[in-house]
$ cat my_file.cif   # mmCIF, C-alpha atoms
data_model
#
loop_
_atom_site.label_atom_id
_atom_site.label_comp_id
_atom_site.auth_asym_id
_atom_site.auth_seq_id
_atom_site.Cartn_x
_atom_site.Cartn_y
_atom_site.Cartn_z
CA MET A 789 0.84 -28.74 -8.37
CA THR A 790 0.62 -28.65 -4.60
CA GLU A 791 3.67 -30.95 -4.60
CA ALA A 792 7.18 -29.65 -4.26
CA THR A 793 8.71 -28.34 -7.45
CA GLU A 794 12.26 -27.32 -8.24
CA ILE A 795 12.92 -23.61 -8.67
CA ALA A 796 16.04 -21.50 -9.12
CA LEU A 797 16.40 -18.70 -6.59
CA THR A 798 18.96 -15.95 -7.10
CA VAL A 799 20.02 -14.74 -3.67
CA ASN A 800 22.85 -12.25 -3.18
CA GLY A 801 24.00 -12.94 -6.73
CA GLU A 802 24.21 -16.71 -6.27
CA VAL A 803 21.80 -19.16 -7.93
CA HIS A 804 20.35 -21.88 -5.68
CA ARG A 805 18.22 -24.80 -6.83
CA VAL A 806 15.64 -25.74 -4.23
CA THR A 807 12.69 -28.11 -4.23
CA VAL A 808 9.80 -26.54 -2.34
CA PRO A 809 6.01 -26.85 -2.11
CA PRO A 810 4.09 -23.76 -3.34
CA ARG A 811 2.82 -22.96 0.16
CA LYS A 812 6.32 -22.52 1.58
CA LEU A 813 7.02 -18.91 2.50
CA LEU A 814 10.15 -17.28 1.14
CA SER A 815 11.25 -16.47 4.70
CA ASP A 816 11.20 -20.19 5.56
CA VAL A 817 12.98 -21.21 2.36
CA LEU A 818 15.75 -18.66 2.97
CA ARG A 819 16.26 -19.96 6.50
CA ASP A 820 15.52 -23.69 6.24
CA ASP A 821 16.59 -24.57 2.72
CA LEU A 822 19.39 -22.07 2.14
CA GLY A 823 20.63 -21.64 5.72
CA LEU A 824 20.41 -17.86 5.43
CA THR A 825 19.23 -17.35 9.01
CA GLY A 826 19.97 -13.62 9.09
CA THR A 827 16.41 -13.09 7.83
CA HIS A 828 14.40 -13.27 11.04
CA VAL A 829 10.83 -14.48 11.35
CA GLY A 830 8.64 -12.61 13.81
CA CYS A 831 4.93 -12.23 13.22
CA GLU A 832 4.48 -14.02 9.88
CA HIS A 833 1.75 -11.65 8.79
CA GLY A 834 3.66 -8.61 7.59
CA THR A 835 3.40 -6.48 10.69
CA CYS A 836 6.78 -6.70 12.46
CA GLY A 837 9.21 -6.17 9.57
CA ALA A 838 11.87 -8.58 10.91
CA CYS A 839 11.88 -10.65 7.68
CA THR A 840 12.33 -7.69 5.32
CA ILE A 841 14.56 -8.49 2.34
CA TRP A 842 14.90 -6.97 -1.13
CA VAL A 843 13.07 -8.24 -4.20
CA ASP A 844 14.69 -6.66 -7.25
CA GLY A 845 16.05 -3.97 -4.93
CA ALA A 846 12.74 -3.15 -3.20
CA PRO A 847 12.36 -3.88 0.54
CA THR A 848 9.67 -6.54 0.90
CA ARG A 849 8.30 -8.82 3.60
CA ALA A 850 9.69 -12.31 2.94
CA CYS A 851 6.82 -13.80 4.99
CA LEU A 852 4.27 -12.41 2.51
CA ILE A 853 5.82 -14.03 -0.56
CA PHE A 854 5.87 -17.66 -1.62
CA ALA A 855 9.30 -18.84 -2.73
CA VAL A 856 7.81 -20.26 -5.97
CA GLN A 857 6.98 -16.69 -7.01
CA MET A 858 10.61 -15.66 -6.99
CA ALA A 859 12.06 -17.52 -10.01
CA GLY A 860 13.61 -14.86 -12.24
CA HIS A 861 13.82 -12.23 -9.51
CA ALA A 862 16.96 -11.00 -7.74
CA LEU A 863 16.80 -11.39 -3.97
CA THR A 864 19.07 -9.65 -1.49
CA THR A 865 19.25 -10.60 2.18
CA ILE A 866 21.08 -9.22 5.20
CA GLU A 867 23.94 -11.64 4.44
CA ALA A 868 24.84 -9.29 1.55
CA PHE A 869 25.69 -6.72 4.25
CA ALA A 870 27.92 -9.05 6.26
CA GLY A 871 31.15 -7.63 4.83
CA ASP A 872 33.91 -5.78 6.60
CA PRO A 873 33.85 -2.82 7.08
CA LEU A 874 30.30 -2.17 8.22
CA THR A 875 28.14 0.13 6.10
CA PRO A 876 27.67 3.69 7.43
CA LEU A 877 24.21 2.65 8.67
CA GLN A 878 25.49 -0.45 10.47
CA GLN A 879 28.38 1.56 11.95
CA ALA A 880 25.98 4.23 13.22
CA LEU A 881 23.62 1.61 14.72
CA HIS A 882 26.65 0.12 16.51
CA GLU A 883 28.05 3.42 17.79
CA LEU A 884 24.73 4.92 18.87
CA HIS A 885 23.33 1.76 20.49
CA GLY A 886 20.61 1.38 17.86
CA LEU A 887 20.07 -2.23 18.91
CA GLN A 888 19.91 -4.32 22.04
CA CYS A 889 18.81 -7.91 21.38
CA GLY A 890 19.27 -7.45 17.64
CA PHE A 891 16.26 -9.48 16.53
CA CYS A 892 14.70 -6.62 14.54
CA THR A 893 18.03 -5.26 13.25
CA PRO A 894 18.31 -7.21 9.96
CA GLY A 895 14.86 -6.00 8.93
CA ILE A 896 15.70 -2.44 9.89
CA VAL A 897 18.99 -2.51 7.97
CA MET A 898 17.31 -3.94 4.85
CA THR A 899 14.51 -1.35 5.01
CA VAL A 900 16.65 1.69 5.70
CA GLU A 901 19.60 0.87 3.38
CA ALA A 902 17.14 0.94 0.46
CA TRP A 903 15.15 3.89 1.73
CA LEU A 904 18.20 6.15 2.17
CA LYS A 905 19.02 5.76 -1.52
CA ASP A 906 15.75 7.53 -2.40
CA ASN A 907 15.71 9.77 0.69
CA PRO A 908 19.30 10.94 1.25
CA ASP A 909 18.36 13.95 3.39
CA PRO A 910 15.48 12.81 5.60
CA SER A 911 13.84 14.78 8.40
CA GLU A 912 13.42 13.15 11.80
CA ALA A 913 9.68 12.84 11.12
CA GLU A 914 10.40 10.98 7.87
CA ILE A 915 12.84 8.66 9.65
CA ARG A 916 10.24 7.91 12.31
CA ASP A 917 7.68 7.23 9.59
CA VAL A 918 9.85 4.72 7.72
CA LEU A 919 10.78 2.99 11.00
CA SER A 920 7.08 2.60 11.82
CA GLY A 921 7.15 -0.53 9.65
CA ASN A 922 9.71 -2.30 11.85
CA LEU A 923 8.88 -3.25 15.42
CA CYS A 924 11.65 -3.05 18.03
CA ARG A 925 10.74 -4.05 21.57
CA CYS A 926 14.09 -3.11 23.19
CA THR A 927 15.29 0.32 22.26
CA GLY A 928 12.28 2.60 22.34
CA TYR A 929 13.47 3.66 18.85
CA HIS A 930 15.26 6.85 19.93
CA ASN A 931 18.72 5.50 19.23
CA ILE A 932 17.64 3.90 15.96
CA VAL A 933 16.31 7.28 14.81
CA ARG A 934 19.61 8.92 15.80
CA ALA A 935 21.59 6.24 14.00
CA VAL A 936 19.62 6.59 10.76
CA ALA A 937 20.05 10.39 10.89
CA ALA A 938 23.79 10.00 11.52
CA ALA A 939 24.15 7.48 8.69
CA ALA A 940 22.30 9.78 6.27
CA ARG A 941 24.62 12.65 7.25
CA ARG A 942 27.74 10.56 6.75
CA MET A 943 26.54 9.15 3.41
CA ARG A 944 25.76 12.55 1.91
CA PRO A 945 28.58 13.99 -0.15
CA ALA A 946 30.00 17.08 1.53
CA VAL A 947 28.43 20.18 -0.03
CA GLY A 948 30.56 23.20 -0.96
CA ALA A 949 33.56 21.82 0.89
CA MET B 919 1.21 -19.50 10.82
CA LYS B 920 1.72 -21.50 7.65
CA PRO B 921 -0.74 -21.38 4.75
CA ALA B 922 -2.72 -24.40 3.64
CA ALA B 923 -1.58 -26.24 0.52
CA PHE B 924 -2.60 -24.81 -2.85
CA VAL B 925 -1.88 -25.23 -6.53
CA TYR B 926 0.33 -22.43 -7.87
CA HIS B 927 -0.19 -20.93 -11.34
CA GLY B 928 2.19 -18.28 -12.62
CA ALA B 929 0.36 -16.20 -15.26
CA ARG B 930 2.59 -14.45 -17.79
CA SER B 931 -0.15 -12.50 -19.57
CA ILE B 932 -3.66 -11.17 -18.99
CA ASP B 933 -5.02 -13.80 -21.41
CA GLU B 934 -3.35 -16.56 -19.42
CA ALA B 935 -4.66 -15.16 -16.13
CA VAL B 936 -8.28 -14.89 -17.30
CA ALA B 937 -8.13 -18.37 -18.86
CA LEU B 938 -6.98 -19.75 -15.49
CA LEU B 939 -9.76 -17.80 -13.74
CA ALA B 940 -12.30 -19.21 -16.20
CA SER B 941 -11.28 -22.77 -15.36
CA HIS B 942 -10.93 -22.35 -11.58
CA GLY B 943 -13.30 -19.46 -10.77
CA ASP B 944 -14.47 -19.65 -7.19
CA ASP B 945 -11.69 -22.05 -6.18
CA ALA B 946 -9.02 -19.56 -7.24
CA LYS B 947 -7.56 -16.40 -5.79
CA LEU B 948 -5.56 -13.88 -7.76
CA LEU B 949 -2.26 -13.06 -6.07
CA ALA B 950 -0.98 -9.54 -6.76
CA GLY B 951 1.12 -7.83 -4.07
CA GLY B 952 -0.21 -10.26 -1.48
CA GLN B 953 -0.11 -7.74 1.36
CA SER B 954 -3.67 -8.60 2.41
CA LEU B 955 -4.16 -12.06 0.85
CA VAL B 956 -0.99 -13.70 2.17
CA PRO B 957 -1.52 -12.66 5.83
CA MET B 958 -5.04 -14.11 5.50
CA MET B 959 -3.58 -17.30 4.02
CA ASN B 960 -0.90 -17.50 6.75
CA MET B 961 -3.66 -17.25 9.37
CA ARG B 962 -5.73 -19.70 7.30
CA LEU B 963 -8.60 -17.23 7.12
CA ALA B 964 -8.23 -17.78 3.37
CA GLN B 965 -7.52 -21.23 1.94
CA PRO B 966 -7.78 -20.95 -1.84
CA ARG B 967 -7.21 -24.22 -3.71
CA HIS B 968 -5.64 -22.39 -6.65
CA VAL B 969 -3.46 -19.30 -6.51
CA ILE B 970 -2.96 -17.38 -9.75
CA ASP B 971 0.12 -15.19 -9.48
CA ILE B 972 -0.27 -12.12 -11.73
CA ASN B 973 2.91 -10.29 -10.65
CA ASN B 974 4.83 -11.27 -13.77
CA ILE B 975 2.31 -10.02 -16.33
CA ALA B 976 4.30 -7.79 -18.69
CA GLN B 977 3.33 -4.08 -18.71
CA GLY B 978 0.88 -4.66 -15.87
CA ASP B 979 2.40 -1.81 -13.88
CA ALA B 980 2.42 0.98 -16.47
CA ILE B 981 1.47 4.57 -15.61
CA ALA B 982 0.45 6.71 -18.60
CA LEU B 983 -1.40 9.90 -19.41
CA ASP B 984 -4.28 9.68 -21.90
CA GLY B 985 -5.74 13.15 -22.46
CA ASP B 986 -7.00 14.32 -19.09
CA ARG B 987 -6.95 10.86 -17.52
CA LEU B 988 -4.21 8.81 -15.91
CA VAL B 989 -4.26 5.19 -17.01
CA LEU B 990 -2.73 2.95 -14.37
CA GLY B 991 -2.07 -0.76 -14.65
CA ALA B 992 -3.62 -2.78 -11.84
CA LEU B 993 -0.15 -4.01 -10.85
CA VAL B 994 1.27 -0.55 -10.14
CA ARG B 995 2.77 -0.66 -6.63
CA HIS B 996 1.66 1.98 -4.12
CA GLU B 997 5.19 3.32 -3.75
CA ALA B 998 5.39 3.81 -7.55
CA VAL B 999 2.12 5.77 -7.50
CA ALA B 1000 3.36 7.88 -4.58
CA ARG B 1001 6.67 8.69 -6.31
CA SER B 1002 5.46 9.05 -9.91
CA ALA B 1003 6.15 12.58 -11.21
CA LEU B 1004 3.15 12.22 -13.54
CA VAL B 1005 0.76 11.30 -10.72
CA ARG B 1006 2.18 13.94 -8.36
CA THR B 1007 1.67 16.65 -10.98
CA ARG B 1008 -1.65 15.63 -12.52
CA CYS B 1009 -3.39 13.97 -9.60
CA PRO B 1010 -1.54 14.88 -6.40
CA ILE B 1011 -4.33 13.64 -4.13
CA LEU B 1012 -3.81 10.11 -5.51
CA ALA B 1013 -0.05 10.30 -4.84
CA ALA B 1014 -0.69 11.55 -1.29
CA ALA B 1015 -3.23 8.80 -0.62
CA ALA B 1016 -0.86 6.10 -1.92
CA ALA B 1017 1.97 7.45 0.24
CA SER B 1018 -0.23 7.03 3.33
CA ILE B 1019 -0.83 3.29 2.83
CA GLY B 1020 0.69 0.84 5.33
CA HIS B 1021 4.45 1.07 5.66
CA TYR B 1022 7.29 1.58 3.17
CA ALA B 1023 8.00 -2.15 2.69
CA ILE B 1024 4.26 -2.77 2.25
CA ARG B 1025 3.89 0.02 -0.33
CA THR B 1026 6.76 -1.37 -2.41
CA ARG B 1027 4.79 -4.60 -2.93
CA GLY B 1028 1.07 -3.79 -2.53
CA THR B 1029 -0.74 -2.98 -5.76
CA LEU B 1030 -3.45 -0.57 -6.90
CA GLY B 1031 -5.60 -3.36 -8.33
CA GLY B 1032 -5.16 -5.48 -5.23
CA SER B 1033 -6.34 -2.68 -2.96
CA LEU B 1034 -9.36 -1.95 -5.15
CA ALA B 1035 -10.37 -5.60 -5.56
CA HIS B 1036 -9.90 -6.26 -1.83
CA ALA B 1037 -12.29 -3.33 -1.15
CA ASP B 1038 -11.61 -2.67 2.50
CA PRO B 1039 -14.22 0.00 3.39
CA ALA B 1040 -11.54 2.22 4.98
CA ALA B 1041 -8.82 1.78 2.34
CA GLN B 1042 -7.34 4.87 0.71
CA LEU B 1043 -7.51 3.96 -2.96
CA PRO B 1044 -11.20 2.95 -3.13
CA LEU B 1045 -11.93 6.33 -1.53
CA ILE B 1046 -9.91 8.26 -4.12
CA MET B 1047 -11.45 6.30 -7.01
CA THR B 1048 -14.91 7.09 -5.64
CA LEU B 1049 -14.04 10.77 -5.15
CA LEU B 1050 -12.73 11.19 -8.69
CA ASP B 1051 -15.26 8.88 -10.37
CA ALA B 1052 -12.55 6.62 -11.83
CA ALA B 1053 -13.36 3.92 -14.38
CA LEU B 1054 -12.12 0.38 -13.77
CA GLU B 1055 -11.55 -2.16 -16.55
CA ALA B 1056 -12.51 -5.77 -15.82
CA ARG B 1057 -11.36 -8.53 -18.19
CA SER B 1058 -12.49 -12.10 -18.53
CA VAL B 1059 -12.58 -14.68 -21.31
CA ARG B 1060 -16.02 -13.23 -22.05
CA GLY B 1061 -14.52 -9.86 -22.88
CA SER B 1062 -13.76 -6.51 -21.31
CA ARG B 1063 -16.02 -4.02 -19.56
CA MET B 1064 -15.63 -0.67 -17.80
CA VAL B 1065 -17.15 -0.23 -14.37
CA GLY B 1066 -17.50 3.17 -12.68
CA ALA B 1067 -16.15 3.41 -9.13
CA ALA B 1068 -19.67 4.14 -7.84
CA GLN B 1069 -20.82 0.75 -9.15
CA PHE B 1070 -17.59 -1.15 -8.45
CA PHE B 1071 -17.68 -1.17 -4.65
CA THR B 1072 -20.74 -3.11 -3.50
CA GLY B 1073 -20.07 -3.82 0.18
CA VAL B 1074 -17.47 -4.65 2.82
CA PHE B 1075 -14.75 -6.58 0.92
CA ALA B 1076 -17.20 -6.93 -1.98
CA THR B 1077 -16.99 -5.63 -5.56
CA ALA B 1078 -18.82 -5.90 -8.87
CA LEU B 1079 -16.09 -8.23 -10.20
CA ALA B 1080 -17.40 -11.65 -11.24
CA PRO B 1081 -15.40 -14.70 -10.10
CA ASP B 1082 -13.86 -15.00 -13.58
CA GLU B 1083 -12.93 -11.32 -13.93
CA LEU B 1084 -9.54 -9.66 -13.53
CA LEU B 1085 -9.12 -5.94 -12.87
CA THR B 1086 -6.58 -4.80 -15.48
CA THR B 1087 -6.44 -1.01 -15.64
CA VAL B 1088 -7.84 2.00 -13.84
CA GLN B 1089 -8.60 5.31 -15.53
CA VAL B 1090 -8.38 8.21 -13.09
CA PRO B 1091 -9.44 11.72 -14.15
CA CYS B 1092 -6.66 14.25 -13.51
CA LEU B 1093 -7.48 17.15 -11.20
CA PRO B 1094 -8.62 20.25 -13.13
CA THR B 1095 -6.09 23.09 -13.41
CA GLY B 1096 -6.15 25.20 -10.28
CA ALA B 1097 -7.97 22.58 -8.21
CA GLY B 1098 -7.09 22.28 -4.55
CA TRP B 1099 -7.29 18.98 -2.70
CA GLY B 1100 -7.44 17.67 0.82
CA PHE B 1101 -6.93 14.17 2.19
CA ARG B 1102 -7.25 13.33 5.86
CA LEU B 1103 -7.34 10.02 7.62
CA MET B 1104 -7.31 8.80 11.18
CA SER B 1105 -5.83 5.49 12.29
CA ARG B 1106 -4.85 4.49 15.81
CA ARG B 1107 -1.31 3.51 14.71
CA VAL B 1108 0.63 4.60 11.65
CA GLY B 1109 0.19 2.00 8.93
CA ASP B 1110 -3.05 0.51 10.22
CA PHE B 1111 -6.19 0.71 8.14
CA ALA B 1112 -7.90 4.00 8.89
CA ILE B 1113 -10.96 4.20 11.10
CA ALA B 1114 -12.25 6.85 8.71
CA ALA B 1115 -10.83 8.99 5.92
CA ALA B 1116 -12.03 12.02 3.97
CA ALA B 1117 -11.00 13.39 0.58
CA ALA B 1118 -12.03 16.57 -1.19
CA THR B 1119 -11.25 18.68 -4.25
CA VAL B 1120 -12.26 22.30 -4.77
CA THR B 1121 -12.02 24.78 -7.65
CA LEU B 1122 -12.75 28.45 -7.11
CA ASP B 1123 -14.42 30.97 -9.45
CA THR B 1124 -12.84 34.33 -10.33
CA ASP B 1125 -14.44 35.96 -7.27
CA GLY B 1126 -12.96 33.36 -4.94
CA GLY B 1127 -16.26 31.58 -4.40
CA ILE B 1128 -16.83 27.84 -4.84
CA ASP B 1129 -16.99 26.77 -8.48
CA THR B 1130 -16.88 23.00 -8.04
CA VAL B 1131 -16.50 20.77 -5.02
CA ARG B 1132 -16.13 17.02 -4.71
CA ALA B 1133 -15.91 15.14 -1.46
CA ALA B 1134 -15.98 11.52 -0.33
CA LEU B 1135 -15.73 9.54 2.88
CA GLY B 1136 -14.16 6.15 3.53
CA GLY B 1137 -14.56 3.87 6.52
CA VAL B 1138 -17.93 5.34 7.39
CA GLU B 1139 -20.28 3.06 5.48
CA ALA B 1140 -19.66 -0.34 3.86
CA THR B 1141 -18.28 1.35 0.74
CA PRO B 1142 -16.80 4.81 0.13
CA VAL B 1143 -19.54 7.41 -0.32
CA SER B 1144 -19.32 10.54 -2.43
CA LEU B 1145 -20.99 13.90 -2.04
CA GLY B 1146 -22.56 13.54 -5.48
CA GLY B 1147 -25.30 16.08 -6.25
CA LEU B 1148 -24.76 17.98 -3.01
CA GLY B 1149 -21.59 19.34 -4.64
CA ALA B 1150 -23.43 21.28 -7.35
CA ALA B 1151 -25.48 23.14 -4.73
CA GLN B 1152 -22.29 24.68 -3.32
CA ARG B 1153 -21.55 26.84 -6.37
CA GLY B 1154 -20.96 30.49 -5.48
CA HIS B 1155 -20.62 29.87 -1.74
CA SER B 1156 -17.85 31.71 0.03
CA PRO B 1157 -15.47 28.92 1.12
CA ASP B 1158 -14.86 29.94 4.73
CA ARG B 1159 -14.66 27.70 7.78
CA ALA B 1160 -18.36 27.99 8.48
CA TRP B 1161 -19.05 26.72 4.95
CA SER B 1162 -16.82 23.63 5.23
CA ALA B 1163 -18.16 22.76 8.69
CA ALA B 1164 -21.77 23.10 7.56
CA LEU B 1165 -21.22 21.04 4.39
CA ALA B 1166 -19.42 18.30 6.34
CA LYS B 1167 -22.17 18.28 8.94
CA SER B 1168 -25.01 17.93 6.45
CA PHE B 1169 -23.18 15.26 4.39
CA VAL B 1170 -22.28 13.17 7.43
CA ALA B 1171 -25.78 13.57 8.93
CA ALA B 1172 -27.19 11.67 5.96
CA ARG B 1173 -24.82 8.69 6.47
CA GLN B 1174 -25.54 5.41 8.23
CA PRO B 1175 -22.15 4.78 9.86
CA LEU B 1176 -20.83 1.29 10.53
CA ASP B 1177 -21.14 0.36 14.19
CA ASP B 1178 -18.85 -2.03 16.02
CA PRO B 1179 -17.73 -2.38 19.64
CA ARG B 1180 -14.31 -0.81 19.02
CA VAL B 1181 -15.60 2.06 16.89
CA PRO B 1182 -19.21 2.95 17.71
CA ALA B 1183 -21.26 4.71 15.05
CA VAL B 1184 -21.44 7.92 17.07
CA TYR B 1185 -17.64 8.17 17.18
CA ARG B 1186 -17.31 7.34 13.49
CA ARG B 1187 -19.84 10.06 12.67
CA GLU B 1188 -18.05 12.74 14.70
CA LEU B 1189 -14.66 11.69 13.33
CA ALA B 1190 -15.93 11.77 9.74
CA GLU B 1191 -17.31 15.26 10.24
CA VAL B 1192 -14.00 16.58 11.59
CA LEU B 1193 -11.93 14.85 8.91
CA LEU B 1194 -14.16 16.10 6.10
CA THR B 1195 -14.17 19.67 7.43
CA ARG B 1196 -10.36 19.62 7.50
CA ALA B 1197 -10.09 18.01 4.06
CA LEU B 1198 -12.37 20.72 2.61
CA ASP B 1199 -10.35 23.45 4.37
CA ASP B 1200 -7.08 21.99 3.01
CA ALA B 1201 -8.57 21.88 -0.49
CA VAL B 1202 -9.60 25.54 -0.28
CA VAL B 1203 -6.14 26.58 0.94
CA ARG B 1204 -4.49 24.72 -1.96
CA ALA B 1205 -7.00 26.13 -4.47
CA ARG B 1206 -5.87 29.59 -3.31
CA GLY B 1207 -2.27 28.59 -4.02
CA GLY B 1208 -1.28 28.06 -0.41
CA SER B 1209 -0.15 24.96 1.43
CA PRO B 1210 -2.07 23.71 4.47
#

$ encode --input "my_file.cif" --output "structure tokens"
Amino acid sequence: MTEATEIALTVNGEVHRVTVPPRKLLSDVLRDDLGLTGTHVGCEHGTCGACTIWVDGAPTRACLIFAVQMAGHALTTIEAFAGDPLTPLQQALHELHGLQCGFCTPGIVMTVEAWLKDNPDPSEAEIRDVLSGNLCRCTGYHNIVRAVAAAARRMRPAVGA
Amino acid sequence: MKPAAFVYHGARSIDEAVALLASHGDDAKLLAGGQSLVPMMNMRLAQPRHVIDINNIAQGDAIALDGDRLVLGALVRHEAVARSALVRTRCPILAAAAASIGHYAIRTRGTLGGSLAHADPAAQLPLIMTLLDAALEARSVRGSRMVGAAQFFTGVFATALAPDELLTTVQVPCLPTGAGWGFRLMSRRVGDFAIAAAAATVTLDTDGGIDTVRAALGGVEATPVSLGGLGAAQRGHSPDRAWSAALAKSFVAARQPLDDPRVPAVYRRELAEVLLTRALDDAVVRARGGSP
């Protein structure tokens, strides 16, 4: 069917019933149908990383997925990180000026929060490599790199203390 | 940047997917990770009337060892290949190649089968499959057949798959014990498709001379090209820098490089020669137990 069909989307642990045509991108459904506007839309072809969310825990471009594909999958968006206090990564981005306009920040947080789980002790080169998938036109990246390094340090359990 | 309308089909099994392909054939596109197809749909460079989503096929992303071959489901994500202990131990060049694809959030979604079926001439995985002479299984309602990597890639974005066929599994020979490997690629920006890439494996005899050598180039011609018979002629050579440079030179000299305004053939040829020399050198260093 090219016509709109009803699907159940599980986002941040909550089930939403939405009626969407197959061609509607997940990024647009999150923003337009669910009002979750923390997921930003930049390039719409997978290059900029602004729309990065988690599909079953894995960072993924929401602009390269159709919402109809996501029935039965667990989605996590930046709104899941809107609690108080900030996460160590968010706190470090704040303290070290890892953002200016903030447009790219949700995508960076969603990418790096997941990545640090598998890479708790990254080198600067590895941090720069993972950030290569998220375009930031304000900061020149230096402060984002510093913030990710600081967050990784703070999240690691103290060794031999 | 919104795709054209299409009919969505969610396939739950290989049988269901090939049945859908049989009824829609040329009007249908298989949707795996979607990291190449969906950008093309968003830009309306691709406007399939039917989209068959194969992401939810059970067991489609298995990684297993069968004797001296890795058997990988076509739906294995690049990041899973890069992180798999089995792949890293038995076929480290495949893990390294997968880790070099796109960006992290692309690798978590992009699939092995998708990359192979898309057949970008400069893509990493077609190059590795060509290097190692992998066997690819194609399924349709007509049955199943195995296609060797050398026959699978037929041109730029073109493969031996018929419109009703689905790539289901890939059998990749493990590297022999003691083999060294090298993988080098050059792209203008991290994450872009490479301009050219080179891959090589080397085993040494007891005197430290060449026993076997394999090498392949991607992004140079319309499909990845392998050293083939030229490899056997290397047996007994002393694997020094002069050897790798001479082998790379003679292999690249026989190529007909792609030529386009951004990357002229002469540049592609010189780049391929440098990349292949370095890949061979890296393979020799690893075969000697070192790390490049």

$ residues_around --input "my_file.cif" --residues "Pro966 in chain B" --least-positions-apart "3" --cutoff "7 Å" --atoms "only C-alpha atoms" --output "count of residues only"
5

$ closest_atom_pairs --input "my_file.cif" --of "chain B" --to "chain A" --cutoff "9 Å" --atoms "all atoms listed in the file" --output "CSV"
residue,atom,partner,partner_atom,distance
B:Met919,CA,A:Glu832,CA,6.5
B:Lys920,CA,A:Lys812,CA,7.7
B:Pro921,CA,A:Arg811,CA,6.0
B:Ala922,CA,A:Arg811,CA,6.7
B:Ala923,CA,A:Arg811,CA,5.5
B:Phe924,CA,A:Thr790,CA,5.3
B:Val925,CA,A:Thr790,CA,4.7
B:Tyr926,CA,A:Pro810,CA,6.0
B:His927,CA,A:Met789,CA,8.4
B:Gly928,CA,A:Gln857,CA,7.5
B:Gly951,CA,A:Ile853,CA,8.5
B:Gly952,CA,A:Leu852,CA,6.4
B:Gln953,CA,A:Leu852,CA,6.5
B:Ser954,CA,A:Leu852,CA,8.8
B:Leu955,CA,A:Leu852,CA,8.6
B:Val956,CA,A:Leu852,CA,5.4
B:Pro957,CA,A:His833,CA,4.5
B:Met958,CA,A:His833,CA,7.9
B:Asn960,CA,A:His833,CA,6.7
B:Met961,CA,A:His833,CA,7.8
B:Asp971,CA,A:Gln857,CA,7.4
B:Asn973,CA,A:Gln857,CA,8.4
B:Asn974,CA,A:Gln857,CA,8.9
B:Gly1020,CA,A:Gly921,CA,7.9
B:His1021,CA,A:Gly921,CA,5.1
B:Tyr1022,CA,A:Val918,CA,6.1
B:Ala1023,CA,A:Thr848,CA,5.0
B:Ile1024,CA,A:Thr848,CA,6.7
B:Arg1025,CA,A:Thr848,CA,8.8
B:Thr1026,CA,A:Ala846,CA,6.3
B:Arg1027,CA,A:Thr848,CA,6.5
B:Arg1107,CA,A:Ser920,CA,8.9
B:Val1108,CA,A:Ser920,CA,6.8
B:Gly1109,CA,A:Gly921,CA,7.4

$ closest_residue --input "my_file.cif" --among "A:Cys926, A:Leu824, A:Ala939, A:Ala913" --to "Glu901 in chain A" --atoms "only C-alpha atoms"
A:Ala939

$ atom_distance --input "my_file.cif" --atom1 "CA of Gly1127 in chain B" --atom2 "CA of Ala1067 in chain B"
28.6 Å

$ atom_distance --input "my_file.cif" --atom1 "CA of Arg942 in chain A" --atom2 "CA of Pro876 in chain A"
6.9 Å

$ residues_around --input "my_file.cif" --residues "Arg1159 in chain B" --least-positions-apart "6" --cutoff "12 Å" --atoms "all atoms listed in the file" --output "PyMOL selection string"
chain B and resi 1165-1166+1192+1194-1203

$ write_last_selection --input "my_file.cif" --atoms "C-alpha atoms" --output "mmCIF file, in the coordinates of the input"
data_model
loop_
_atom_site.group_PDB
_atom_site.id
_atom_site.type_symbol
_atom_site.label_atom_id
_atom_site.label_comp_id
_atom_site.auth_asym_id
_atom_site.auth_seq_id
_atom_site.Cartn_x
_atom_site.Cartn_y
_atom_site.Cartn_z
ATOM 1 C CA LEU B 1165 -21.220 21.040 4.390
ATOM 2 C CA ALA B 1166 -19.420 18.300 6.340
ATOM 3 C CA VAL B 1192 -14.000 16.580 11.590
ATOM 4 C CA LEU B 1194 -14.160 16.100 6.100
ATOM 5 C CA THR B 1195 -14.170 19.670 7.430
ATOM 6 C CA ARG B 1196 -10.360 19.620 7.500
ATOM 7 C CA ALA B 1197 -10.090 18.010 4.060
ATOM 8 C CA LEU B 1198 -12.370 20.720 2.610
ATOM 9 C CA ASP B 1199 -10.350 23.450 4.370
ATOM 10 C CA ASP B 1200 -7.080 21.990 3.010
ATOM 11 C CA ALA B 1201 -8.570 21.880 -0.490
ATOM 12 C CA VAL B 1202 -9.600 25.540 -0.280
ATOM 13 C CA VAL B 1203 -6.140 26.580 0.940
#

$ resolve_selection --input "my_file.cif" --expression "the PyMOL selection byres ((chain B and resi 1038-1055) around 8)" --output "ChimeraX atom specification"
/B:1011-1012,1015-1016,1018-1019,1030,1033-1034,1036-1037,1056-1057,1062-1068,1070-1071,1073-1075,1085-1091,1111-1118,1132-1144

$ closest_residue --input "my_file.cif" --among "B:Met1104, B:Val1120, B:Ala1013, B:Ala1078" --to "Leu988 in chain B" --atoms "all atoms listed in the file"
B:Ala1013

$ resolve_selection --input "my_file.cif" --expression "the PyMOL selection byres ((chain B and resi 1122) around 10)" --output "ChimeraX atom specification"
/B:1096-1098,1120-1121,1123-1131,1153-1157,1202,1205-1206

$ atom_distance --input "my_file.cif" --atom1 "CA of Phe1169 in chain B" --atom2 "CA of Val1181 in chain B"
19.7 Å

$ residues_around --input "my_file.cif" --residues "Cys1009 in chain B" --least-positions-apart "4" --cutoff "7 Å" --atoms "only C-alpha atoms" --output "PDB file with C-alpha atoms, in the frame of the given file"
ATOM      1  CA  VAL B1005       0.760  11.300 -10.720  1.00  0.00           C
ATOM      2  CA  ALA B1013      -0.050  10.300  -4.840  1.00  0.00           C
ATOM      3  CA  CYS B1092      -6.660  14.250 -13.510  1.00  0.00           C
ATOM      4  CA  LEU B1093      -7.480  17.150 -11.200  1.00  0.00           C
TER       5      LEU B1093
END
